[in-house]
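Colleague: Quick one, input-v7.pdb (PDB, C-alpha atoms):
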```
ATOM      1  CA  PHE A  11       0.000   0.000   0.000
ATOM      2  CA  LYS A  12       2.813   2.314   0.635
ATOM      3  CA  GLU A  13       3.939   1.901  -2.814
ATOM      4  CA  GLU A  14       0.585   2.739  -4.036
ATOM      5  CA  LEU A  15       0.518   5.710  -1.786
ATOM      6  CA  ASN A  16       3.916   6.757  -2.973
ATOM      7  CA  SER A  17       2.763   6.154  -6.436
ATOM      8  CA  ILE A  18      -0.361   8.223  -5.807
ATOM      9  CA  GLN A  19       1.644  10.953  -4.166
ATOM     10  CA  GLY A  20       4.077  10.850  -7.063
ATOM     11  CA  THR A  21       1.174  10.997  -9.398
ATOM     12  CA  VAL A  22      -0.434  13.877  -7.487
ATOM     13  CA  SER A  23       2.854  15.671  -7.347
ATOM     14  CA  ASN A  24       3.295  14.895 -11.018
ATOM     15  CA  ALA A  25      -0.239  16.122 -11.631
ATOM     16  CA  SER A  26       0.412  19.386  -9.866
ATOM     17  CA  ARG A  27       3.623  19.741 -11.774
ATOM     18  CA  VAL A  28       1.832  18.847 -14.985
ATOM     19  CA  GLN A  29      -0.856  21.346 -14.028
ATOM     20  CA  LYS A  30       1.748  23.985 -13.413
ATOM     21  CA  ILE A  31       3.441  23.137 -16.701
ATOM     22  CA  LEU A  32       0.033  23.171 -18.385
ATOM     23  CA  SER A  33      -0.803  26.554 -16.968
ATOM     24  CA  GLU A  34       2.570  27.877 -18.080
ATOM     25  CA  ASN A  35       2.051  26.247 -21.460
ATOM     26  CA  GLU A  36      -1.430  27.739 -21.705
ATOM     27  CA  SER A  37      -0.079  31.224 -21.155
ATOM     28  CA  PHE A  38       2.729  30.453 -23.628
ATOM     29  CA  ILE A  39       0.195  29.008 -26.080
ATOM     30  CA  SER A  40      -2.029  32.030 -25.545
ATOM     31  CA  SER A  41       0.955  34.300 -26.195
ATOM     32  CA  LEU A  42       1.825  32.245 -29.284
ATOM     33  CA  GLN A  43      -1.784  32.370 -30.449
ATOM     34  CA  LYS A  44      -1.809  36.151 -29.943
ATOM     35  CA  ASP A  45       1.495  36.481 -31.868
ATOM     36  CA  LEU A  46       0.129  34.157 -34.525
ATOM     37  CA  SER A  47      -3.085  36.203 -34.780
ATOM     38  CA  ASP A  48      -1.105  39.474 -34.943
ATOM     39  CA  THR A  49       1.222  38.013 -37.564
ATOM     40  CA  ARG A  50      -1.759  36.638 -39.471
ATOM     41  CA  ASN A  51      -3.487  40.049 -39.315
ATOM     42  CA  ARG A  52      -0.275  41.788 -40.380
ATOM     43  CA  HIS A  53       0.241  39.280 -43.217
ATOM     44  CA  HIS A  54      -3.409  39.620 -44.219
ATOM     45  CA  GLN A  55      -3.059  43.427 -44.280
ATOM     46  CA  GLN A  56       0.192  43.168 -46.278
ATOM     47  CA  PHE A  57      -1.503  40.692 -48.594
ATOM     48  CA  LEU A  58      -4.407  43.110 -49.122
ATOM     49  CA  GLU A  59      -1.989  46.000 -49.750
ATOM     50  CA  ILE A  60       0.152  43.939 -52.133
ATOM     51  CA  ARG A  61      -2.979  42.581 -53.757
ATOM     52  CA  ALA A  62      -4.362  46.113 -54.197
ATOM     53  CA  LYS A  63      -1.011  47.297 -55.553
ATOM     54  CA  HIS A  64      -0.585  44.338 -57.881
ATOM     55  CA  SER A  65      -4.271  44.316 -58.842
ATOM     56  CA  ALA A  66      -3.856  47.825 -60.198
ATOM     57  CA  GLU A  67      -0.665  46.723 -62.007
ATOM     58  CA  ILE A  68      -2.374  43.547 -63.241
ATOM     59  CA  GLU A  69      -5.391  45.572 -64.387
ATOM     60  CA  ALA A  70      -3.087  48.067 -66.135
ATOM     61  CA  LEU A  71      -1.152  45.184 -67.719
ATOM     62  CA  THR A  72      -4.428  43.470 -68.662
ATOM     63  CA  ASP A  73      -5.647  46.703 -70.263
ATOM     64  CA  LYS A  74      -2.288  47.107 -72.010
ATOM     65  CA  LEU A  75      -2.411  43.480 -73.205
ATOM     66  CA  SER A  76      -5.996  43.940 -74.392
ATOM     67  CA  LEU A  77      -4.992  47.127 -76.237
ATOM     68  CA  GLU A  78      -1.971  45.336 -77.749
ATOM     69  CA  LYS A  79      -4.209  42.425 -78.820
ATOM     70  CA  LYS A  80      -6.664  44.888 -80.360
ATOM     71  CA  THR A  81      -3.807  46.763 -82.076
ATOM     72  CA  ARG A  82      -2.301  43.469 -83.280
ATOM     73  CA  LEU A  83      -5.711  42.348 -84.562
ATOM     74  CA  GLU A  84      -6.160  45.688 -86.365
ATOM     75  CA  ALA A  85      -2.629  45.366 -87.792
ATOM     76  CA  GLU A  86      -3.370  41.798 -88.915
ATOM     77  CA  THR A  87      -6.621  43.017 -90.497
ATOM     78  CA  ARG A  88      -4.718  45.823 -92.275
ATOM     79  CA  ASN A  89      -2.030  43.323 -93.292
ATOM     80  CA  ASN A  90      -4.686  40.958 -94.616
ATOM     81  CA  ASP A  91      -6.279  43.867 -96.493
ATOM     82  CA  LEU A  92      -2.861  44.836 -97.857
ATOM     83  CA  VAL A  93      -2.138  41.226 -98.807
ATOM     84  CA  GLU A  94      -5.494  41.069-100.609
ATOM     85  CA  LYS A  95      -4.787  44.390-102.314
ATOM     86  CA  MET A  96      -1.322  43.104-103.293
ATOM     87  CA  ARG A  97      -2.912  39.954-104.712
ATOM     88  CA  ASN A  98      -5.431  42.065-106.630
ATOM     89  CA  LEU A  99      -2.654  44.357-107.874
ATOM     90  CA  GLU A 100      -0.559  41.338-108.874
ATOM     91  CA  ARG A 101      -3.565  39.825-110.648
ATOM     92  CA  ASP A 102      -4.269  43.166-112.386
ATOM     93  CA  ARG A 103      -0.570  43.519-113.289
ATOM     94  CA  SER A 104      -0.529  40.009-114.669
ATOM     95  CA  GLU A 105      -3.710  40.700-116.658
ATOM     96  CA  LEU A 106      -2.247  43.975-117.956
ATOM     97  CA  GLU A 107       0.972  42.190-118.938
ATOM     98  CA  HIS A 108      -1.108  39.578-120.732
ATOM     99  CA  GLN A 109      -3.124  42.292-122.497
ATOM    100  CA  TYR A 110       0.111  44.149-123.311
ATOM    101  CA  MET A 111       1.670  41.003-124.763
ATOM    102  CA  ASN A 112      -1.491  40.329-126.807
ATOM    103  CA  HIS A 113      -1.572  43.948-127.965
ATOM    104  CA  LYS A 114       2.157  43.838-128.756
ATOM    105  CA  ARG A 115       1.694  40.576-130.637
ATOM    106  CA  SER A 116      -1.264  42.097-132.502
ATOM    107  CA  LEU A 117       0.761  45.216-133.325
ATOM    108  CA  ASN A 118       3.677  43.054-134.464
ATOM    109  CA  ASP A 119       1.300  41.051-136.650
ATOM    110  CA  GLN A 120      -0.181  44.257-138.048
ATOM    111  CA  LEU A 121       3.305  45.671-138.601
ATOM    112  CA  MET A 122       4.392  42.482-140.366
ATOM    113  CA  LYS A 123       1.248  42.616-142.535
ATOM    114  CA  MET A 124       1.854  46.287-143.275
ATOM    115  CA  MET A 125       5.481  45.538-144.156
ATOM    116  CA  MET A 126       4.384  42.676-146.396
ATOM    117  CA  ASP A 127       1.725  44.932-147.960
ATOM    118  CA  HIS A 128       4.371  47.649-148.353
ATOM    119  CA  ASP A 129       6.735  45.191-150.034
ATOM    120  CA  GLU A 130       3.906  43.994-152.259
ATOM    121  CA  LEU A 131       2.963  47.592-153.122
ATOM    122  CA  ARG A 132       6.620  48.373-153.828
ATOM    123  CA  LYS A 133       6.795  45.367-156.155
ATOM    124  CA  GLN A 134       3.560  46.503-157.802
ATOM    125  CA  LEU A 135       4.985  50.033-158.079
ATOM    126  CA  VAL A 136       8.123  48.698-159.759
ATOM    127  CA  GLU A 137       5.982  46.536-162.043
ATOM    128  CA  ASN A 138       3.670  49.481-162.751
ATOM    129  CA  GLU A 139       6.657  51.753-163.383
ATOM    130  CA  ASP A 140       8.003  49.136-165.787
ATOM    131  CA  LYS A 141       4.556  48.859-167.403
ATOM    132  CA  ASN A 142       4.270  52.649-167.456
ATOM    133  CA  SER A 143       7.696  52.918-169.038
ATOM    134  CA  ALA A 144       6.720  50.283-171.597
ATOM    135  CA  LEU A 145       3.405  52.036-172.207
ATOM    136  CA  GLN A 146       5.177  55.383-172.568
ATOM    137  CA  GLN A 147       7.584  53.777-175.007
ATOM    138  CA  GLU A 148       4.685  52.212-176.876
ATOM    139  CA  MET A 149       2.802  55.521-176.742
ATOM    140  CA  SER A 150       5.905  57.307-178.032
ATOM    141  CA  ASN A 151       6.190  54.732-180.807
ATOM    142  CA  VAL A 152       2.463  55.022-181.580
ATOM    143  CA  SER A 153       2.753  58.814-181.431
ATOM    144  CA  ARG A 154       5.647  58.780-183.922
ATOM    145  CA  SER A 155       3.751  56.298-186.033
ATOM    146  CA  ASN A 156       0.664  58.505-185.804
ATOM    147  CA  GLU A 157       2.767  61.554-186.686
ATOM    148  CA  ARG A 158       4.055  59.663-189.702
ATOM    149  CA  LEU A 159       0.497  58.649-190.541
ATOM    150  CA  VAL A 160      -0.637  62.252-190.108
ATOM    151  CA  ASP A 161       2.225  63.419-192.309
ATOM    152  CA  ASP A 162       1.332  60.713-194.844
ATOM    153  CA  LEU A 163      -2.343  61.709-194.559
ATOM    154  CA  LYS A 164      -1.395  65.380-195.021
ATOM    155  CA  ASP A 165       0.686  64.430-198.045
ATOM    156  CA  SER A 166      -2.215  62.295-199.298
ATOM    157  CA  VAL A 167      -4.676  65.144-198.649
ATOM    158  CA  LEU A 168      -2.351  67.547-200.459
ATOM    159  CA  LEU A 169      -1.974  65.054-203.273
ATOM    160  CA  LEU A 170      -5.729  64.529-203.341
ATOM    161  CA  GLU A 171      -6.327  68.274-203.310
ATOM    162  CA  ARG A 172      -3.846  68.680-206.169
ATOM    163  CA  GLN A 173      -5.478  65.824-207.995
ATOM    164  CA  LYS A 174      -8.883  67.316-207.227
ATOM    165  CA  SER A 175      -7.677  70.678-208.460
ATOM    166  CA  GLU A 176      -6.190  69.040-211.501
ATOM    167  CA  MET A 177      -9.383  67.094-211.990
ATOM    168  CA  SER A 178     -11.405  70.219-211.513
ATOM    169  CA  ASP A 179      -9.200  71.948-214.059
ATOM    170  CA  SER A 180      -9.504  68.927-216.362
ATOM    171  CA  LEU A 181     -13.248  68.847-215.836
ATOM    172  CA  ALA A 182     -13.450  72.543-216.487
ATOM    173  CA  ALA A 183     -11.355  72.100-219.647
ATOM    174  CA  ILE A 184     -13.546  69.183-220.622
ATOM    175  CA  GLU A 185     -16.653  71.217-219.989
ATOM    176  CA  VAL A 186     -15.185  74.037-221.969
ATOM    177  CA  ASP A 187     -14.309  71.632-224.737
ATOM    178  CA  MET A 188     -17.772  70.142-224.554
ATOM    179  CA  LEU A 189     -19.334  73.528-224.680
ATOM    180  CA  GLU A 190     -17.182  74.524-227.544
ATOM    181  CA  THR A 191     -17.956  71.283-229.196
ATOM    182  CA  ARG A 192     -21.655  71.868-228.787
ATOM    183  CA  GLU A 193     -21.417  75.265-229.957
ATOM    184  CA  ARG A 194     -19.761  74.287-232.929
TER     185      ARG A 194
END
```
Please express what this file holds, its structure, as structure tokens.
Modeller:
Amino acid sequence: FKEELNSIQGTVSNASRVQKILSENESFISSLQKDLSDTRNRHHQQFLEIRAKHSAEIEALTDKLSLEKKTRLEAETRNNDLVEKMRNLERDRSELEHQYMNHKRSLNDQLMKMMMDHDELRKQLVENEDKNSALQQEMSNVSRSNERLVDDLKDSVLLLERQKSEMSDSLAAIEVDMLETRER
């Protein structure tokens, strides 16, 4: 029983010591809880301040990013418009080059035809000049021949007039002779 009593006394003494330690620990825990609460409040306040500060920065950066996205989208739209315009210009340029080549080819064909026509006309001119020269020669020959014929005709007319005059004289002499013969 003594042992039990000693054990109980030890336990009671331990209990009072534990109680003392517990009461000291409770005040320490209370102090720690107060420090923890103060630190938590301080950290919460700092968090709110940092959050407010960074929220404004984040909002400014978000606005800036949104503006940059909008600007980039507008630039892409302008680029797409420019690319489309460039394609249209390239297509128009290609069409104009095609039309130019067709027109050039047509002009070359027309020029070749005109040159061929010119050569043909030149040949015809040479032929016509040769024909003209031959015709002039023939006309000159015919003219000389006609002049000779006219001269011959003049001579014949003169001869005929002389013969007519002679015949008229002969006829007049015959008439005179006939009249004289009648009268006689």
Colleague: Determine the axis-aligned bounding box of all atoms of segment 169-174 of chain A present in the file, pad each side by 3 Å, and express its centre and edge lengths in Å to one decimal place as JSON.
Modeller:
```
{"center_x": -5.4, "center_y": 66.6, "center_z": -205.6, "size_x": 12.9, "size_y": 10.2, "size_z": 10.7}
```
Colleague: Expressed in Å to a single decimal, how great is the separation between atom CA of Asp102 of chain A and atom CA of Asp119 of chain A?
Modeller: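 These atoms are spaced 25.0 Å apart.
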Colleague: What does the distance from atom CA of Ala62 of chain A to atom CA of Leu77 of chain A come to in Å, to one decimal?
Modeller: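 Between atom CA of Ala62 of chain A and atom CA of Leu77 of chain A the gap is 22.1 Å.
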Colleague: Would you compute the distance between atom CA of Asp91 of chain A and atom CA of Glu105 of chain A? Give it in Å to one decimal.
Modeller: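 Atom-to-atom, atom CA of Asp91 of chain A and atom CA of Glu105 of chain A are spaced 20.6 Å apart.
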